[in-house]
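Enquirer: This is the structure I want to talk about, given as structure tokens.
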Number of protein chains: 2
Amino acid sequence: MVVAVADQQPSVLTVGPANALPSGPFELGHRSLQFGLRTWVEQQTDHQLGYIEQLYTFADRDRIGEQRQQRVISISYLALTRAEHAAGGKRAWRSWYDYFPWEDHRPGAPPMVVEILQPRLLAWADEASHPSLRRERRHRAAVAFGFEDHGWNEELVLQRYELLYEAALVEEATRGSLQSASLPILGTSMTADHRRILATGIARLRSKIKYRPVVFELMPPVFTLLQLQRTVEALSGRLLHKPNFRRLIEQQELVEETGETTADTVGRPAKLFRFRHAVLDERVVAGTKLPLSRS
Amino acid sequence: MVVAVADQQPSVLTVGPANALPSGPFELGHRSLQFGLRTWVEQQTDHQLGYIEQLYTFADRDRIGEQRQQRVISISYLALTRAEHAAGGKRAWRSWYDYFPWEDHRPGAPPMVVEILQPRLLAWADEASHPSLRRERRHRAAVAFGFEDHGWNEELVLQRYELLYEAALVEEATRGSLQSASLPILGTSMTADHRRILATGIARLRSKIKYRPVVFELMPPVFTLLQLQRTVEALSGRLLHKPNFRRLIEQQELVEETGETTADTVGRPAKLFRFRHAVLDERVVAGTKLPLSRS
DNA sequence: TCCAATTATTCTCTGAATGAGTATAATTTG
DNA sequence: CAAATTATACTCATTCAGAGAATAATTGGA
């Protein structure tokens with residue numbers, strides 16, 4: 001899963017006509033998984049990868065090799081890059097909100113959440129035979145999608161996708177069975193379980209930007225604070241409070257002024273900043289939530 | 001990596017005489033990786049696993065199969081269980097601080113950190129030819145082990161192990177080469193890269209207990225708040241502030257009183273609590289660190 | 001019986017971080 | 001030159017984390 005942000009859209013690199021993530025075999029020549037991945041993706045996409053992180057390893061039933069009884073082990077990765085190079089040929093950048101239209105809450109909650117997802121999920125809950133199962137399904141849906149008093153939690157991307165899968169509301173879930181009765185169109189579907197991998201990656205990234213300075217892997221060398229904010233907003237799918245965002249960035253000393261300002265747009269020109277690469281050495285991780293004792 | 005806590009020692013299940021983690025092949029009959037793992041470990045160790053989490057997938061050079069040119073892919077997992085059943089036969093519980101003696105800061109920082117590790121790491125840093133590399137090595141060591149003004153960060157378990165590995169201060173690092181000159185005894189070594197997996201798992205667990213109620217997987221059904229605190233302290237390797245720990249647990253409503261109290265020990269008897277399993281449904285994840293805007 | 005020791009529990013105080021909103025500054029556009 | 005637009009700075013209230021003190025309920029021995 002190769003991620004970049006351009007024009008305030010978080011985008012993933014896809015290959016082929018059928019919405020697949022770039023993937024390839026792990027070969028004997030490769031020194032390690034990460035190294036093999038890097039060389040492979042750079043060959044296939046002419047793209048330098050910055051940050052790379054392992055996501056998850058799958059070997060489930062629907063991943064059995066064609067002829068012989070042989071398992072395919074899929075090891076998925078998340079990679080961040082800058083969206084400068086335009087992709088051509090068989091590959092294309094595509095907004096991840098094409099695949100997860102219910103995840104973009106920047107203009108407010110999308111109407112489809114209440115108008116389509118909520119009634120369908122409630123109908124699915126009511127299909128259950130046992131009352132306690134019905135209650136459990138309704139509760140899971142409410143937590144995942146923030147239905148009743150529950151608020152929207154942008155990190156629950158995978159839980160939401162799995163819920164829709166269970167309820168057979170995404171195309172992938174109806175593939176094996178013949179009775180594709182409702183045939184819903186909830187987001188663009190993908191090859192195999194690639195949309196599930198995407199959901200895992202989005203969730204991981206939305207969580208990670210909160211405690212590690214990984215956003216800067218997606219930024220150009222020099223940027224304004226608003227551009228930085230728009231990028232974070234694109235990833236998290238939510239709008240941020242501008243003054244407080246500035247305070248957060250500045251008090252953590254993540255950036256330094258270049259001394260220059262923007263000139264192109266209307267309004268007061270904004271100061272340009274660059275990422276302080278030194279912070280990667282200085283602070284490794286921020287957070288303790290345990291009440292430590294002095295001695 | 002199967003973890004339990006008994007007698008205030010965080011312990012891992014080992015097999016064989018040579019300090020190995022329990023492991024086994026993934027077979028065609030297994031429905032999924034997680035399912036295969038569960039059945040395999042339960043067969044081998046007579047142990048019911050509670051919480052299971054995938055750690056990392058390795059396929060590096062030193063994991064090449066013996067005869068044919070064939071890679072071995074190792075998928076490591078972290079599992080939490082209760083230490084009630086005594087293990088017998090070829091398997092044994094062993095404190096993870098046997099393998100990482102520098103990680104237990106409960107009685108304060110172990111003397112070995114300043115007396116042994118610091119001088120050896122500084123000597124290793126000075127081996128470097130280039131001054132900037134020397135400075136970088138010293139800085140990395142200071143951050144990882146909290147040498148100068150840097151404090152101790154209990155989550156950097158893997159970074160610390162990797163640093164000691166690079167500096168050839170753990171036995172595993174000197175295996176391939178003939179010149180095992182210094183032959184240091186920094187913790188008990190393990191088969192293959194099992195100690196590295198352990199480090200990964202400890203780091204993951206120390207991080208996770210801060211934002212997910214996983215500690216309770218390690219507790220008996222009923223416990224006092226001090227017992228709970230001692231367990232968290234065993235895992236994190238640090239002492240906690242008692243009143244603040246209580247406040248943290250209570251305000252999150254993680255536990256409920258049973259109505260009973262302990263009777264066996266001296267001092268005022270403590271109330272007994274049990275975990276509120278309902279919280280697993282209620283709050284999925286706590287934290288946002290982004291300055292969200294209202295609308 | 002009563003005091004010391006021990007452990008449990010509650011409360012207070014302080015400073016830092018967070019959420020929310022307002023005020024001011026420097027541009028472009030008509 | 002005023003209005004619109006964007007950037008930046010400041011204020012206030014609330015919550016949360018760190019630290020320590022005070023009080024409660026036991027046991028063990030003098």
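Every chain in the structure tokens takes a letter, A first, then B, and so on in the order presented; its residues are numbered from 1, and the ligands are numbered from 1 following the presented order.
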For a quick check: superposing chain B on chain A using all C-alpha atoms in order, what RMSD comes out?

Expert: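 Result: 0.1 Å C-alpha RMSD.
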
Enquirer: Quick one: residues within 7 Å of Ser95 of chain A, only C-alpha atoms (C1' of nucleotides), excluding same-chain residues fewer than 3 positions away - as a list of chain:residue names?

Expert: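 Those residues are A:Gln9, A:Pro10, A:Ser11, A:Val12, A:Asp98.
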
Enquirer: If we count only C-alpha atoms (C1' of nucleotides) and set the cut-off at 12 Å, which residues sit around Thr81 of chain A, ignoring sequence neighbours fewer than 5 positions away in its own chain? Please answer as a ChimeraX atom specification.

Expert: /A:1-6,10-13,38,41-42,45-52,93,214-220

Enquirer: Within 10 Å of Glu155 of chain A, counting only C-alpha atoms (C1' of nucleotides), which residues qualify if same-chain residues fewer than 3 places away don't, as a count of residues only?

Expert: 21

Enquirer: Report as a ChimeraX atom specification the set of chain D residues whose atoms approach chain B to within 7 Å, with distances computed over only C-alpha atoms (C1' of nucleotides).

Expert: /D:25-27

Enquirer: Store the residues picked out above, limited to N, CA, C and O atoms (P, O5', C5', C4', C3', O3' and C1' of nucleotides), as a short mmCIF file (atom, residue, chain, number, x, y, z; two decimals), in the first residue's frame.

Expert:
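Saved as out28.cif:
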data_model
loop_
_atom_site.label_atom_id
_atom_site.label_comp_id
_atom_site.auth_asym_id
_atom_site.auth_seq_id
_atom_site.Cartn_x
_atom_site.Cartn_y
_atom_site.Cartn_z
P DA D 25 -12.57 2.61 58.75
"O5'" DA D 25 -11.71 1.27 58.77
"C5'" DA D 25 -11.57 0.54 57.56
"C4'" DA D 25 -10.52 -0.53 57.76
"C3'" DA D 25 -10.75 -1.46 58.96
"O3'" DA D 25 -10.57 -2.79 58.52
"C1'" DA D 25 -8.56 -0.61 58.97
P DT D 26 -11.48 -3.93 59.02
"O5'" DT D 26 -10.47 -5.14 59.20
"C5'" DT D 26 -9.58 -5.16 60.32
"C4'" DT D 26 -8.15 -5.37 59.84
"C3'" DT D 26 -7.33 -6.21 60.81
"O3'" DT D 26 -7.42 -7.58 60.46
"C1'" DT D 26 -6.12 -4.30 60.01
P DT D 27 -7.03 -8.67 61.55
"O5'" DT D 27 -5.43 -8.54 61.59
"C5'" DT D 27 -4.65 -8.96 60.46
"C4'" DT D 27 -3.18 -8.85 60.80
"C3'" DT D 27 -2.72 -9.78 61.93
"O3'" DT D 27 -1.48 -10.37 61.57
"C1'" DT D 27 -2.23 -7.53 62.51
#

Enquirer: With a distance threshold of 9 Å and counting only C-alpha atoms (C1' of nucleotides), extract the residues of chain C near chain A and express them as a VMD selection string.

Expert: chain C and resid 18 to 20 25 to 29

Enquirer: Report the residues of segment 135-274 of chain A whose backbone DSSP state falls under strand (DSSP E or B), written as number ranges by chain.

Expert: A: 223, 240, 255-261, 271-274

Enquirer: For the selection you just gave me, I'd like the residues written to a file as a PDB file, in the first residue's frame, keeping C-alpha atoms.

Expert:
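selection-v1.pdb, freshly written:
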ATOM      1  CA  PHE A 223       5.518  23.813   3.195  1.00  0.00           C
ATOM      2  CA  LEU A 240      -8.779  20.321  12.751  1.00  0.00           C
ATOM      3  CA  VAL A 255       9.424  22.328  12.217  1.00  0.00           C
ATOM      4  CA  GLU A 256      11.673  25.322  11.680  1.00  0.00           C
ATOM      5  CA  GLU A 257      11.122  28.437   9.597  1.00  0.00           C
ATOM      6  CA  THR A 258      12.943  28.719   6.315  1.00  0.00           C
ATOM      7  CA  GLY A 259      12.713  32.512   6.457  1.00  0.00           C
ATOM      8  CA  GLU A 260      10.759  32.618   3.234  1.00  0.00           C
ATOM      9  CA  THR A 261       7.067  33.118   2.662  1.00  0.00           C
ATOM     10  CA  LYS A 271       5.686  31.481   6.440  1.00  0.00           C
ATOM     11  CA  LEU A 272       7.384  28.466   4.959  1.00  0.00           C
ATOM     12  CA  PHE A 273       8.658  25.712   7.189  1.00  0.00           C
ATOM     13  CA  ARG A 274      10.745  22.622   6.862  1.00  0.00           C
TER      14      ARG A 274
END

Enquirer: Could you pull out the alpha helix (DSSP H) residues of segment 139-232 of chain B, going by DSSP on the backbone, and write them as a ChimeraX atom specification?

Expert: /B:139-145,157-166,194-208,225-232

Enquirer: Pick the closest to chain B from A:Val15, A:Ala79, A:Ala92, A:Leu55: which is it, counting only C-alpha atoms?

Expert: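 Of all the options, A:Leu55 lies closest to chain B.
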
Enquirer: Using only C-alpha atoms, which of A:Leu228, A:Ala173, A:Ala109, A:Leu254 sits nearest chain B?

Expert: A:Ala109

Enquirer: Which residues are near segment 162-170 of chain A? Cut-off 9 Å, only C-alpha atoms (C1' of nucleotides), ignore same chain within fewer than 3 positions. Put them as an mmCIF file with all heavy atoms, in the first residue's frame.

Expert:
data_model
loop_
_atom_site.group_PDB
_atom_site.id
_atom_site.type_symbol
_atom_site.label_atom_id
_atom_site.label_comp_id
_atom_site.auth_asym_id
_atom_site.auth_seq_id
_atom_site.Cartn_x
_atom_site.Cartn_y
_atom_site.Cartn_z
ATOM 1 N N LEU A 117 -26.078 3.488 5.240
ATOM 2 C CA LEU A 117 -25.429 2.487 6.085
ATOM 3 C C LEU A 117 -26.266 2.157 7.313
ATOM 4 O O LEU A 117 -26.462 0.980 7.640
ATOM 5 C CB LEU A 117 -24.041 2.974 6.509
ATOM 6 C CG LEU A 117 -23.058 3.218 5.371
ATOM 7 C CD1 LEU A 117 -21.698 3.649 5.916
ATOM 8 C CD2 LEU A 117 -22.894 1.958 4.528
ATOM 9 N N ARG A 120 -29.315 -0.096 6.563
ATOM 10 C CA ARG A 120 -28.909 -1.438 6.114
ATOM 11 C C ARG A 120 -28.300 -2.243 7.250
ATOM 12 O O ARG A 120 -28.517 -3.452 7.356
ATOM 13 C CB ARG A 120 -27.894 -1.322 4.979
ATOM 14 C CG ARG A 120 -28.520 -0.787 3.701
ATOM 15 C CD ARG A 120 -27.869 -1.377 2.486
ATOM 16 N NE ARG A 120 -28.337 -0.721 1.270
ATOM 17 C CZ ARG A 120 -27.871 -1.002 0.060
ATOM 18 N NH1 ARG A 120 -26.925 -1.917 -0.084
ATOM 19 N NH2 ARG A 120 -28.338 -0.379 -0.999
ATOM 20 N N LEU A 121 -27.496 -1.568 8.092
ATOM 21 C CA LEU A 121 -26.898 -2.288 9.211
ATOM 22 C C LEU A 121 -27.959 -2.682 10.228
ATOM 23 O O LEU A 121 -27.890 -3.756 10.830
ATOM 24 C CB LEU A 121 -25.803 -1.431 9.859
ATOM 25 C CG LEU A 121 -24.508 -1.367 9.049
ATOM 26 C CD1 LEU A 121 -23.602 -0.250 9.570
ATOM 27 C CD2 LEU A 121 -23.776 -2.698 9.085
ATOM 28 N N TRP A 124 -29.633 -5.663 8.888
ATOM 29 C CA TRP A 124 -28.776 -6.844 9.092
ATOM 30 C C TRP A 124 -28.849 -7.327 10.541
ATOM 31 O O TRP A 124 -28.911 -8.533 10.798
ATOM 32 C CB TRP A 124 -27.340 -6.482 8.717
ATOM 33 C CG TRP A 124 -26.317 -7.453 9.178
ATOM 34 C CD1 TRP A 124 -26.097 -8.709 8.692
ATOM 35 C CD2 TRP A 124 -25.352 -7.266 10.218
ATOM 36 N NE1 TRP A 124 -25.065 -9.306 9.364
ATOM 37 C CE2 TRP A 124 -24.580 -8.432 10.307
ATOM 38 C CE3 TRP A 124 -25.048 -6.200 11.085
ATOM 39 C CZ2 TRP A 124 -23.535 -8.580 11.221
ATOM 40 C CZ3 TRP A 124 -24.013 -6.337 11.991
ATOM 41 C CH2 TRP A 124 -23.275 -7.519 12.053
ATOM 42 N N ALA A 125 -28.847 -6.373 11.479
ATOM 43 C CA ALA A 125 -28.921 -6.756 12.886
ATOM 44 C C ALA A 125 -30.222 -7.509 13.159
ATOM 45 O O ALA A 125 -30.240 -8.507 13.881
ATOM 46 C CB ALA A 125 -28.830 -5.515 13.770
ATOM 47 N N ARG A 137 -25.232 -6.882 17.580
ATOM 48 C CA ARG A 137 -24.953 -6.318 16.252
ATOM 49 C C ARG A 137 -25.253 -4.836 16.207
ATOM 50 O O ARG A 137 -24.479 -4.047 15.656
ATOM 51 C CB ARG A 137 -25.791 -7.048 15.198
ATOM 52 C CG ARG A 137 -25.264 -8.434 14.854
ATOM 53 C CD ARG A 137 -26.099 -9.053 13.754
ATOM 54 N NE ARG A 137 -25.526 -10.313 13.267
ATOM 55 C CZ ARG A 137 -26.056 -11.044 12.292
ATOM 56 N NH1 ARG A 137 -27.184 -10.648 11.695
ATOM 57 N NH2 ARG A 137 -25.485 -12.156 11.892
ATOM 58 N N ARG A 140 -22.489 -3.023 18.062
ATOM 59 C CA ARG A 140 -21.229 -2.959 17.304
ATOM 60 C C ARG A 140 -21.325 -1.908 16.203
ATOM 61 O O ARG A 140 -20.390 -1.133 15.985
ATOM 62 C CB ARG A 140 -20.922 -4.324 16.686
ATOM 63 C CG ARG A 140 -20.317 -5.315 17.659
ATOM 64 C CD ARG A 140 -20.203 -6.685 17.024
ATOM 65 N NE ARG A 140 -19.349 -6.697 15.843
ATOM 66 C CZ ARG A 140 -19.421 -7.611 14.874
ATOM 67 N NH1 ARG A 140 -20.316 -8.578 14.951
ATOM 68 N NH2 ARG A 140 -18.604 -7.557 13.854
ATOM 69 N N ALA A 141 -22.448 -1.875 15.525
ATOM 70 C CA ALA A 141 -22.629 -0.890 14.454
ATOM 71 C C ALA A 141 -22.613 0.525 15.021
ATOM 72 O O ALA A 141 -22.007 1.430 14.440
ATOM 73 C CB ALA A 141 -23.936 -1.160 13.715
ATOM 74 N N ALA A 144 -18.987 1.449 15.952
ATOM 75 C CA ALA A 144 -18.104 1.602 14.797
ATOM 76 C C ALA A 144 -18.447 2.849 13.988
ATOM 77 O O ALA A 144 -17.557 3.588 13.564
ATOM 78 C CB ALA A 144 -18.178 0.358 13.918
ATOM 79 N N VAL A 157 -11.367 2.123 11.122
ATOM 80 C CA VAL A 157 -11.563 1.847 9.701
ATOM 81 C C VAL A 157 -11.772 0.352 9.442
ATOM 82 O O VAL A 157 -12.694 -0.046 8.722
ATOM 83 C CB VAL A 157 -10.338 2.328 8.893
ATOM 84 C CG1 VAL A 157 -10.629 2.239 7.410
ATOM 85 C CG2 VAL A 157 -9.962 3.732 9.283
ATOM 86 N N LEU A 158 -10.929 -0.463 10.064
ATOM 87 C CA LEU A 158 -11.028 -1.899 9.819
ATOM 88 C C LEU A 158 -12.310 -2.487 10.407
ATOM 89 O O LEU A 158 -12.989 -3.295 9.761
ATOM 90 C CB LEU A 158 -9.796 -2.615 10.404
ATOM 91 C CG LEU A 158 -9.704 -4.098 10.133
ATOM 92 C CD1 LEU A 158 -9.697 -4.387 8.639
ATOM 93 C CD2 LEU A 158 -8.463 -4.690 10.779
ATOM 94 N N GLN A 159 -12.635 -2.062 11.618
ATOM 95 C CA GLN A 159 -13.877 -2.547 12.235
ATOM 96 C C GLN A 159 -15.083 -2.222 11.355
ATOM 97 O O GLN A 159 -15.987 -3.043 11.193
ATOM 98 C CB GLN A 159 -14.084 -1.932 13.621
ATOM 99 C CG GLN A 159 -13.208 -2.502 14.722
ATOM 100 C CD GLN A 159 -11.893 -1.757 14.847
ATOM 101 O OE1 GLN A 159 -11.334 -1.293 13.854
ATOM 102 N NE2 GLN A 159 -11.379 -1.669 16.056
ATOM 103 N N ALA A 173 -17.851 -9.469 -0.250
ATOM 104 C CA ALA A 173 -18.478 -10.467 0.611
ATOM 105 C C ALA A 173 -19.425 -11.372 -0.156
ATOM 106 O O ALA A 173 -19.728 -12.480 0.280
ATOM 107 C CB ALA A 173 -19.235 -9.766 1.753
ATOM 108 N N THR A 174 -19.904 -10.921 -1.312
ATOM 109 C CA THR A 174 -20.908 -11.689 -2.053
ATOM 110 C C THR A 174 -20.291 -12.472 -3.208
ATOM 111 O O THR A 174 -21.015 -13.033 -4.028
ATOM 112 C CB THR A 174 -21.983 -10.738 -2.628
ATOM 113 O OG1 THR A 174 -21.338 -9.814 -3.514
ATOM 114 C CG2 THR A 174 -22.660 -9.966 -1.520
ATOM 115 N N SER A 182 -28.843 -8.260 -3.096
ATOM 116 C CA SER A 182 -28.990 -6.806 -3.049
ATOM 117 C C SER A 182 -27.989 -6.106 -3.967
ATOM 118 O O SER A 182 -28.296 -5.077 -4.545
ATOM 119 C CB SER A 182 -28.804 -6.337 -1.601
ATOM 120 O OG SER A 182 -27.587 -6.854 -1.090
ATOM 121 N N LEU A 183 -26.769 -6.677 -4.094
ATOM 122 C CA LEU A 183 -25.717 -6.074 -4.893
ATOM 123 C C LEU A 183 -25.556 -4.586 -4.595
ATOM 124 O O LEU A 183 -25.902 -3.718 -5.390
ATOM 125 C CB LEU A 183 -26.004 -6.265 -6.399
ATOM 126 C CG LEU A 183 -24.769 -6.137 -7.296
ATOM 127 C CD1 LEU A 183 -23.842 -7.326 -7.096
ATOM 128 C CD2 LEU A 183 -25.155 -6.002 -8.749
ATOM 129 N N PRO A 184 -25.061 -4.303 -3.428
ATOM 130 C CA PRO A 184 -24.943 -2.908 -3.024
ATOM 131 C C PRO A 184 -23.706 -2.258 -3.658
ATOM 132 O O PRO A 184 -22.787 -2.956 -4.068
ATOM 133 C CB PRO A 184 -24.765 -3.010 -1.515
ATOM 134 C CG PRO A 184 -24.143 -4.342 -1.297
ATOM 135 C CD PRO A 184 -24.432 -5.210 -2.479
ATOM 136 N N ILE A 185 -23.695 -0.980 -3.766
ATOM 137 C CA ILE A 185 -22.521 -0.288 -4.279
ATOM 138 C C ILE A 185 -21.956 0.630 -3.209
ATOM 139 O O ILE A 185 -22.092 1.850 -3.254
ATOM 140 C CB ILE A 185 -22.851 0.529 -5.545
ATOM 141 C CG1 ILE A 185 -24.316 0.990 -5.464
ATOM 142 C CG2 ILE A 185 -22.595 -0.256 -6.797
ATOM 143 C CD1 ILE A 185 -24.614 2.193 -6.283
ATOM 144 N N LEU A 186 -21.330 -0.005 -2.214
ATOM 145 C CA LEU A 186 -20.713 0.759 -1.146
ATOM 146 C C LEU A 186 -19.223 0.863 -1.415
ATOM 147 O O LEU A 186 -18.437 0.021 -0.997
ATOM 148 C CB LEU A 186 -20.982 0.109 0.200
ATOM 149 C CG LEU A 186 -22.453 0.097 0.613
ATOM 150 C CD1 LEU A 186 -22.617 -0.598 1.948
ATOM 151 C CD2 LEU A 186 -22.980 1.514 0.686
ATOM 152 N N GLY A 187 -18.807 1.867 -2.102
ATOM 153 C CA GLY A 187 -17.397 2.064 -2.404
ATOM 154 C C GLY A 187 -16.935 1.145 -3.512
ATOM 155 O O GLY A 187 -17.545 0.121 -3.798
ATOM 156 N N THR A 188 -15.830 1.537 -4.165
ATOM 157 C CA THR A 188 -15.245 0.706 -5.210
ATOM 158 C C THR A 188 -14.608 -0.527 -4.585
ATOM 159 O O THR A 188 -13.890 -0.417 -3.600
ATOM 160 C CB THR A 188 -14.171 1.507 -5.958
ATOM 161 O OG1 THR A 188 -14.735 2.751 -6.366
ATOM 162 C CG2 THR A 188 -13.649 0.748 -7.158
ATOM 163 N N SER A 189 -14.878 -1.688 -5.150
ATOM 164 C CA SER A 189 -14.293 -2.910 -4.592
ATOM 165 C C SER A 189 -12.933 -3.169 -5.227
ATOM 166 O O SER A 189 -12.550 -2.527 -6.205
ATOM 167 C CB SER A 189 -15.221 -4.091 -4.820
ATOM 168 O OG SER A 189 -15.409 -4.297 -6.203
ATOM 169 N N ARG A 196 -9.319 -4.922 2.238
ATOM 170 C CA ARG A 196 -9.115 -5.160 3.656
ATOM 171 C C ARG A 196 -7.721 -4.680 4.089
ATOM 172 O O ARG A 196 -7.540 -4.099 5.153
ATOM 173 C CB ARG A 196 -9.263 -6.656 3.947
ATOM 174 C CG ARG A 196 -9.398 -6.960 5.396
ATOM 175 C CD ARG A 196 -9.597 -8.446 5.639
ATOM 176 N NE ARG A 196 -9.984 -8.677 7.018
ATOM 177 C CZ ARG A 196 -9.120 -8.642 8.036
ATOM 178 N NH1 ARG A 196 -7.868 -8.366 7.814
ATOM 179 N NH2 ARG A 196 -9.544 -8.854 9.261
#

Enquirer: Name the residues in contact with segment 18-24 of chain D at a cut-off of 8 Å, using only C-alpha atoms (C1' of nucleotides), excluding same-chain residues fewer than 2 positions from it; report them as an MDAnalysis selection string.

Expert: (chainID A and resid 291) or (chainID C and resid 8:11)

Enquirer: Rank A:Ala59, A:Leu198, A:Ile116, A:Val279 by their smallest atom-to-atom distance to chain B, using only C-alpha atoms, and report the top residue only.

Expert: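 Closest candidate: A:Ala59.
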
Enquirer: Find the distance between atom CA of Gly146 of chain A and atom CA of Arg276 of chain B and write it in Å to one decimal.

Expert: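 Answer for the atom CA of Gly146 of chain A to atom CA of Arg276 of chain B separation: 22.0 Å.
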
Enquirer: Just the residues within 10 Å of DG28 of chain D, please, counting only C-alpha atoms (C1' of nucleotides), with nothing from its chain fewer than 2 positions along; format it as a ChimeraX atom specification.

Expert: /B:266 /C:4-5 /D:30

Enquirer: Nearest to chain A among B:Arg31, B:Arg135, B:Arg82, B:Arg195, with distances taken over only C-alpha atoms: which residue is it?

Expert: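 Smallest distance to chain A is found for B:Arg31.
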